[in-house]
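Below is target-v2.txt, holding compact mmCIF, N, CA, C and O atoms.
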```txt
# COMPACT_ATOMS: atom_id res chain seq x y z
N MET N 234 -104.84 -86.56 -121.64
CA MET N 234 -106.16 -86.60 -121.05
C MET N 234 -106.11 -85.90 -119.70
O MET N 234 -105.26 -86.17 -118.88
N THR N 235 -107.00 -84.96 -119.48
CA THR N 235 -107.02 -84.25 -118.21
C THR N 235 -107.82 -85.03 -117.19
O THR N 235 -108.77 -85.73 -117.51
N SER N 236 -107.43 -84.88 -115.94
CA SER N 236 -108.12 -85.59 -114.87
C SER N 236 -109.29 -84.75 -114.37
O SER N 236 -109.43 -83.59 -114.70
N LYS N 237 -110.13 -85.37 -113.55
CA LYS N 237 -111.25 -84.65 -112.94
C LYS N 237 -110.75 -83.51 -112.06
O LYS N 237 -111.37 -82.47 -111.99
N VAL N 238 -109.61 -83.72 -111.41
CA VAL N 238 -109.02 -82.68 -110.57
C VAL N 238 -108.64 -81.48 -111.44
O VAL N 238 -108.93 -80.34 -111.10
N ASP N 239 -108.00 -81.74 -112.58
CA ASP N 239 -107.63 -80.65 -113.49
C ASP N 239 -108.86 -79.91 -113.99
O ASP N 239 -108.83 -78.69 -114.13
N GLU N 240 -109.92 -80.65 -114.29
CA GLU N 240 -111.14 -80.01 -114.78
C GLU N 240 -111.76 -79.11 -113.73
O GLU N 240 -112.45 -78.14 -114.07
N ALA N 241 -111.53 -79.39 -112.46
CA ALA N 241 -112.09 -78.59 -111.39
C ALA N 241 -111.25 -77.35 -111.08
O ALA N 241 -111.69 -76.47 -110.36
N LEU N 242 -110.04 -77.29 -111.64
CA LEU N 242 -109.17 -76.14 -111.39
C LEU N 242 -109.74 -74.90 -112.04
O LEU N 242 -110.20 -74.93 -113.18
N GLY N 243 -109.70 -73.80 -111.31
CA GLY N 243 -110.04 -72.53 -111.90
C GLY N 243 -108.89 -72.04 -112.76
O GLY N 243 -107.77 -72.56 -112.68
N TYR N 244 -109.16 -71.04 -113.58
CA TYR N 244 -108.12 -70.51 -114.46
C TYR N 244 -106.92 -70.02 -113.66
O TYR N 244 -105.78 -70.36 -113.98
N GLU N 245 -107.17 -69.23 -112.63
CA GLU N 245 -106.07 -68.66 -111.86
C GLU N 245 -105.24 -69.73 -111.17
O GLU N 245 -104.01 -69.64 -111.12
N GLN N 246 -105.90 -70.77 -110.66
CA GLN N 246 -105.17 -71.87 -110.03
C GLN N 246 -104.28 -72.58 -111.04
O GLN N 246 -103.11 -72.85 -110.76
N ALA N 247 -104.83 -72.89 -112.20
CA ALA N 247 -104.06 -73.58 -113.23
C ALA N 247 -102.91 -72.71 -113.71
O ALA N 247 -101.79 -73.19 -113.89
N ARG N 248 -103.18 -71.43 -113.91
CA ARG N 248 -102.13 -70.50 -114.36
C ARG N 248 -101.01 -70.42 -113.35
O ARG N 248 -99.82 -70.49 -113.70
N ASP N 249 -101.36 -70.28 -112.08
CA ASP N 249 -100.34 -70.16 -111.04
C ASP N 249 -99.50 -71.42 -110.94
O ASP N 249 -98.28 -71.36 -110.78
N GLU N 250 -100.14 -72.59 -111.03
CA GLU N 250 -99.38 -73.84 -110.99
C GLU N 250 -98.50 -73.96 -112.23
O GLU N 250 -97.35 -74.41 -112.14
N LEU N 251 -99.01 -73.54 -113.38
CA LEU N 251 -98.21 -73.58 -114.60
C LEU N 251 -96.98 -72.68 -114.49
O LEU N 251 -95.88 -73.06 -114.89
N ILE N 252 -97.15 -71.51 -113.90
CA ILE N 252 -96.01 -70.61 -113.69
C ILE N 252 -94.96 -71.28 -112.82
O ILE N 252 -93.76 -71.20 -113.10
N GLU N 253 -95.40 -71.97 -111.79
CA GLU N 253 -94.47 -72.67 -110.90
C GLU N 253 -93.75 -73.80 -111.63
O GLU N 253 -92.55 -74.02 -111.45
N VAL N 254 -94.48 -74.54 -112.46
CA VAL N 254 -93.87 -75.62 -113.24
C VAL N 254 -92.79 -75.05 -114.16
O VAL N 254 -91.67 -75.57 -114.23
N VAL N 255 -93.10 -73.97 -114.85
CA VAL N 255 -92.13 -73.35 -115.75
C VAL N 255 -90.92 -72.86 -114.97
O VAL N 255 -89.77 -73.06 -115.39
N ARG N 256 -91.16 -72.25 -113.82
CA ARG N 256 -90.06 -71.76 -113.00
C ARG N 256 -89.12 -72.90 -112.61
O ARG N 256 -87.90 -72.78 -112.72
N ARG N 257 -89.71 -74.04 -112.20
CA ARG N 257 -88.89 -75.19 -111.80
C ARG N 257 -88.11 -75.76 -112.98
O ARG N 257 -86.95 -76.13 -112.84
N LEU N 258 -88.75 -75.80 -114.15
CA LEU N 258 -88.05 -76.30 -115.33
C LEU N 258 -86.90 -75.38 -115.72
O LEU N 258 -85.82 -75.84 -116.07
N GLU N 259 -87.15 -74.08 -115.67
CA GLU N 259 -86.11 -73.12 -116.04
C GLU N 259 -84.96 -73.11 -115.05
O GLU N 259 -83.82 -72.85 -115.43
N ALA N 260 -85.26 -73.39 -113.79
CA ALA N 260 -84.22 -73.39 -112.76
C ALA N 260 -83.26 -74.57 -112.94
O ALA N 260 -82.10 -74.50 -112.54
N GLY N 261 -83.74 -75.63 -113.55
CA GLY N 261 -82.90 -76.80 -113.76
C GLY N 261 -82.69 -77.56 -112.46
O GLY N 261 -83.40 -77.37 -111.47
N GLY N 262 -81.71 -78.44 -112.48
CA GLY N 262 -81.40 -79.20 -111.28
C GLY N 262 -82.31 -80.38 -111.04
O GLY N 262 -82.28 -80.99 -109.97
N THR N 263 -83.16 -80.70 -112.00
CA THR N 263 -84.04 -81.87 -111.84
C THR N 263 -83.53 -82.99 -112.74
O THR N 263 -82.83 -82.75 -113.72
N THR N 264 -83.89 -84.19 -112.38
CA THR N 264 -83.51 -85.34 -113.20
C THR N 264 -84.33 -85.31 -114.50
O THR N 264 -85.33 -84.58 -114.61
N LEU N 265 -83.92 -86.12 -115.44
CA LEU N 265 -84.66 -86.22 -116.69
C LEU N 265 -86.10 -86.65 -116.42
O LEU N 265 -87.05 -86.09 -116.97
N GLU N 266 -86.26 -87.63 -115.55
CA GLU N 266 -87.60 -88.13 -115.23
C GLU N 266 -88.46 -87.04 -114.59
O GLU N 266 -89.63 -86.87 -114.93
N GLU N 267 -87.88 -86.29 -113.65
CA GLU N 267 -88.61 -85.19 -113.01
C GLU N 267 -88.96 -84.11 -114.04
O GLU N 267 -90.08 -83.57 -114.03
N SER N 268 -88.02 -83.80 -114.91
CA SER N 268 -88.27 -82.79 -115.94
C SER N 268 -89.40 -83.21 -116.87
O SER N 268 -90.26 -82.39 -117.22
N LEU N 269 -89.41 -84.48 -117.26
CA LEU N 269 -90.49 -84.97 -118.12
C LEU N 269 -91.83 -84.90 -117.41
O LEU N 269 -92.84 -84.53 -118.02
N ALA N 270 -91.85 -85.27 -116.13
CA ALA N 270 -93.10 -85.21 -115.36
C ALA N 270 -93.58 -83.77 -115.25
O ALA N 270 -94.78 -83.49 -115.39
N LEU N 271 -92.66 -82.84 -115.01
CA LEU N 271 -93.02 -81.42 -114.94
C LEU N 271 -93.55 -80.93 -116.28
O LEU N 271 -94.55 -80.22 -116.33
N TRP N 272 -92.88 -81.31 -117.35
CA TRP N 272 -93.31 -80.89 -118.68
C TRP N 272 -94.72 -81.42 -118.98
O TRP N 272 -95.57 -80.67 -119.47
N GLU N 273 -94.97 -82.69 -118.65
CA GLU N 273 -96.29 -83.27 -118.88
C GLU N 273 -97.35 -82.54 -118.06
O GLU N 273 -98.45 -82.26 -118.56
N ARG N 274 -97.01 -82.22 -116.82
CA ARG N 274 -97.96 -81.48 -115.98
C ARG N 274 -98.22 -80.09 -116.57
O ARG N 274 -99.36 -79.63 -116.61
N GLY N 275 -97.17 -79.47 -117.05
CA GLY N 275 -97.32 -78.16 -117.68
C GLY N 275 -98.23 -78.21 -118.89
O GLY N 275 -99.06 -77.31 -119.09
N GLU N 276 -98.11 -79.25 -119.69
CA GLU N 276 -98.98 -79.40 -120.86
C GLU N 276 -100.44 -79.53 -120.43
O GLU N 276 -101.32 -78.92 -121.04
N GLU N 277 -100.69 -80.32 -119.39
CA GLU N 277 -102.07 -80.47 -118.90
C GLU N 277 -102.62 -79.15 -118.37
O GLU N 277 -103.76 -78.79 -118.63
N LEU N 278 -101.80 -78.44 -117.62
CA LEU N 278 -102.23 -77.14 -117.08
C LEU N 278 -102.48 -76.14 -118.20
O LEU N 278 -103.43 -75.35 -118.13
N ALA N 279 -101.66 -76.16 -119.23
CA ALA N 279 -101.86 -75.27 -120.36
C ALA N 279 -103.20 -75.57 -121.05
O ALA N 279 -103.91 -74.65 -121.47
N LYS N 280 -103.56 -76.85 -121.14
CA LYS N 280 -104.85 -77.23 -121.73
C LYS N 280 -106.00 -76.69 -120.89
O LYS N 280 -107.00 -76.21 -121.44
N VAL N 281 -105.86 -76.79 -119.57
CA VAL N 281 -106.91 -76.27 -118.68
C VAL N 281 -107.07 -74.76 -118.91
O VAL N 281 -108.18 -74.25 -119.08
N CYS N 282 -105.94 -74.05 -118.94
CA CYS N 282 -105.99 -72.61 -119.15
C CYS N 282 -106.61 -72.27 -120.51
O CYS N 282 -107.44 -71.37 -120.62
N ARG N 283 -106.21 -73.01 -121.52
CA ARG N 283 -106.73 -72.77 -122.87
C ARG N 283 -108.25 -72.98 -122.92
O ARG N 283 -108.98 -72.18 -123.52
N ARG N 284 -108.75 -74.03 -122.25
CA ARG N 284 -110.20 -74.26 -122.22
C ARG N 284 -110.92 -73.10 -121.53
O ARG N 284 -111.97 -72.65 -121.99
N TRP N 285 -110.37 -72.63 -120.42
CA TRP N 285 -110.98 -71.49 -119.73
C TRP N 285 -111.01 -70.26 -120.63
O TRP N 285 -112.01 -69.55 -120.72
N LEU N 286 -109.89 -69.98 -121.30
CA LEU N 286 -109.82 -68.80 -122.17
C LEU N 286 -110.75 -68.94 -123.37
O LEU N 286 -111.40 -67.96 -123.77
N GLU N 287 -110.82 -70.13 -123.95
CA GLU N 287 -111.74 -70.35 -125.08
C GLU N 287 -113.19 -70.17 -124.63
O GLU N 287 -114.01 -69.61 -125.37
N GLY N 288 -113.51 -70.65 -123.44
CA GLY N 288 -114.86 -70.48 -122.91
C GLY N 288 -115.18 -69.02 -122.66
O GLY N 288 -116.29 -68.55 -122.97
N ALA N 289 -114.22 -68.29 -122.14
CA ALA N 289 -114.43 -66.86 -121.90
C ALA N 289 -114.62 -66.13 -123.23
O ALA N 289 -115.49 -65.26 -123.35
N ARG N 290 -113.82 -66.49 -124.24
CA ARG N 290 -113.95 -65.87 -125.56
C ARG N 290 -115.31 -66.15 -126.15
O ARG N 290 -115.95 -65.27 -126.73
N ALA N 291 -115.80 -67.37 -126.01
CA ALA N 291 -117.11 -67.73 -126.55
C ALA N 291 -118.21 -66.92 -125.86
O ALA N 291 -119.15 -66.44 -126.52
N ARG N 292 -118.10 -66.76 -124.55
CA ARG N 292 -119.10 -65.97 -123.82
C ARG N 292 -119.07 -64.51 -124.25
O ARG N 292 -120.13 -63.88 -124.41
N LEU N 293 -117.87 -63.96 -124.42
CA LEU N 293 -117.76 -62.58 -124.88
C LEU N 293 -118.33 -62.42 -126.28
O LEU N 293 -119.07 -61.46 -126.56
N ASP N 294 -117.98 -63.34 -127.18
CA ASP N 294 -118.50 -63.28 -128.55
C ASP N 294 -120.02 -63.34 -128.55
O ASP N 294 -120.68 -62.61 -129.30
N ALA N 295 -120.59 -64.22 -127.73
CA ALA N 295 -122.05 -64.35 -127.67
C ALA N 295 -122.69 -63.07 -127.14
O ALA N 295 -123.70 -62.61 -127.67
N ALA N 296 -122.09 -62.48 -126.11
CA ALA N 296 -122.63 -61.24 -125.56
C ALA N 296 -122.55 -60.10 -126.57
O ALA N 296 -123.50 -59.31 -126.71
N LEU N 297 -121.44 -60.02 -127.29
CA LEU N 297 -121.29 -58.97 -128.30
C LEU N 297 -122.26 -59.18 -129.45
O LEU N 297 -122.84 -58.21 -129.97
N ALA N 298 -122.46 -60.43 -129.86
CA ALA N 298 -123.41 -60.71 -130.93
C ALA N 298 -124.83 -60.37 -130.50
O ALA N 298 -125.61 -59.81 -131.28
N GLU N 299 -125.16 -60.67 -129.27
CA GLU N 299 -126.49 -60.35 -128.75
C GLU N 299 -126.69 -58.84 -128.71
O GLU N 299 -127.74 -58.33 -129.11
N GLU N 300 -125.69 -58.13 -128.25
CA GLU N 300 -125.77 -56.67 -128.19
C GLU N 300 -125.93 -56.08 -129.59
O GLU N 300 -126.74 -55.17 -129.81
N ALA N 301 -125.19 -56.60 -130.55
CA ALA N 301 -125.29 -56.12 -131.93
C ALA N 301 -126.67 -56.40 -132.50
O ALA N 301 -127.24 -55.55 -133.21
N ALA N 302 -127.25 -57.56 -132.18
CA ALA N 302 -128.58 -57.91 -132.67
C ALA N 302 -129.63 -56.97 -132.09
O ALA N 302 -130.54 -56.52 -132.79
N VAL N 303 -129.49 -56.64 -130.82
CA VAL N 303 -130.44 -55.71 -130.18
C VAL N 303 -130.33 -54.33 -130.81
O VAL N 303 -131.34 -53.70 -131.12
N GLU N 304 -129.11 -53.87 -131.02
CA GLU N 304 -128.91 -52.55 -131.63
C GLU N 304 -129.46 -52.53 -133.05
O GLU N 304 -130.08 -51.54 -133.46
N GLU N 305 -129.29 -53.62 -133.80
CA GLU N 305 -129.80 -53.69 -135.16
C GLU N 305 -131.32 -53.67 -135.16
O GLU N 305 -131.94 -52.99 -135.97
N ALA N 306 -131.92 -54.41 -134.24
CA ALA N 306 -133.38 -54.45 -134.14
C ALA N 306 -133.92 -53.07 -133.77
O ALA N 306 -134.94 -52.63 -134.33
N GLU N 307 -133.25 -52.38 -132.88
CA GLU N 307 -133.68 -51.02 -132.49
C GLU N 307 -133.55 -50.07 -133.66
O GLU N 307 -134.41 -49.21 -133.86
N ALA N 308 -132.49 -50.19 -134.44
CA ALA N 308 -132.29 -49.32 -135.59
C ALA N 308 -133.35 -49.55 -136.65
O ALA N 308 -133.79 -48.61 -137.31
N GLU N 309 -133.78 -50.80 -136.82
CA GLU N 309 -134.83 -51.11 -137.82
C GLU N 309 -136.16 -50.54 -137.41
O GLU N 309 -136.97 -50.22 -138.25
N ARG N 310 -136.42 -50.43 -136.11
CA ARG N 310 -137.69 -49.89 -135.62
C ARG N 310 -137.79 -48.38 -135.79
O ARG N 310 -138.85 -47.83 -135.80
N GLU N 311 -136.64 -47.75 -135.91
CA GLU N 311 -136.64 -46.28 -136.00
C GLU N 311 -136.93 -45.79 -137.38
O GLU N 311 -137.05 -46.28 -138.35
```
Once you've parsed the file, please lay out its structure as structure tokens.
Amino acid sequence: MTSKVDEALGYEQARDELIEVVRRLEAGGTTLEESLALWERGEELAKVCRRWLEGARARLDAALAEEAAVEEAEAERE
């Protein structure tokens, strides 16, 4: 479950924090508990990023569909 703070994160903020989480996990040197906490945070950040990307894809698809509908309507009038 994402928190209200996570929901307020912009895509770039979530992505940058996710990059840092991955960097820390790859560097090692953390306890098992710290690693699990980092992994859980990374999962939440990935969800935030995925929601942003899905929303962007939906907006692009809608804009492309609208443009196609306009072009089709113009072609029918000709």
Exercise. From the list N:Leu271, N:Ala306, N:Leu286, N:Ala298, which residue is nearest Leu251 in chain N when using all atoms listed in the file?
Worked result: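 Ranked by minimum distance to Leu251 in chain N, first place goes to N:Leu271.
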For this session: Using only C-alpha atoms, determine which residues lie at most 12 Å from Arg257 in chain N, disregarding the query and same-chain residues fewer than 6 positions distant; provide the list as a list in words.
Result: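 After dropping sequence-adjacent residues, the list is Glu250, Leu251, Thr263, Thr264, Glu267, Ser268, Leu269, Ala270, Leu271, Trp272, Arg274 and Gly275 of chain N.
For the pair CA of Ala241 in chain N and CA of Ala291 in chain N, the interatomic distance is 19.3 Å.
Shortest separation to Tyr244 in chain N among N:Leu265, N:Leu258, N:Ala308, N:Val281 occurs at residue N:Val281, atoms counted being only N, CA, C and O atoms.
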Exercise. Could you state the separation of atom C of Gln246 in chain N and atom C of Leu297 in chain N in Å, given to one decimal place?
Worked result: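 Atom C of Leu297 in chain N lies at a distance of 29.0 Å from atom C of Gln246 in chain N.
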Exercise. Which residue out of N:Glu240, N:Glu266, N:Glu307, N:Glu300 has the minimum interatomic distance to Trp285 in chain N when only C-alpha atoms are used?
Worked result: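 Of N:Glu240, N:Glu266, N:Glu307, N:Glu300, the one nearest Trp285 in chain N, counting only C-alpha atoms, is N:Glu240.
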For this session: Name the closest residue to Ile252 in chain N among the candidates N:Leu278, N:Glu304, N:Asp239, N:Arg292; distances are taken between atoms, counting only C-alpha atoms.
Result: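 Closest to Ile252 in chain N of all the choices is N:Leu278.
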Problem set entry | Atom pair atom N of Glu253 in chain N / CA of Glu276 in chain N: separation (Å) |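 Between atom N of Glu253 in chain N and CA of Glu276 in chain N the gap is 12.3 Å.
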Listed atoms of range 250-265 of chain N boxed axis-aligned with 6 Å per side, centre + edges as AutoDock Vina command-line options:
```
--center_x -90.8 --center_y -78.6 --center_z -113.5 --size_x 30.7 --size_y 28.0 --size_z 19.0
```
For this session: Go through N:Glu277, N:Glu305, N:Asp294, N:Glu311 one by one, measure the shortest atom-to-atom distance of each to Ala247 in chain N using only N, CA, C and O atoms, and give the residue with the smallest value.
Result: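 Closest residue, counting only N, CA, C and O atoms: N:Glu277.
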For this session: Choose the residue, out of N:Cys282, N:Ala301, N:Arg290, N:Arg310, that has the smallest atom-to-atom separation from Gly243 in chain N; count only N, CA, C and O atoms.
Result: N:Cys282
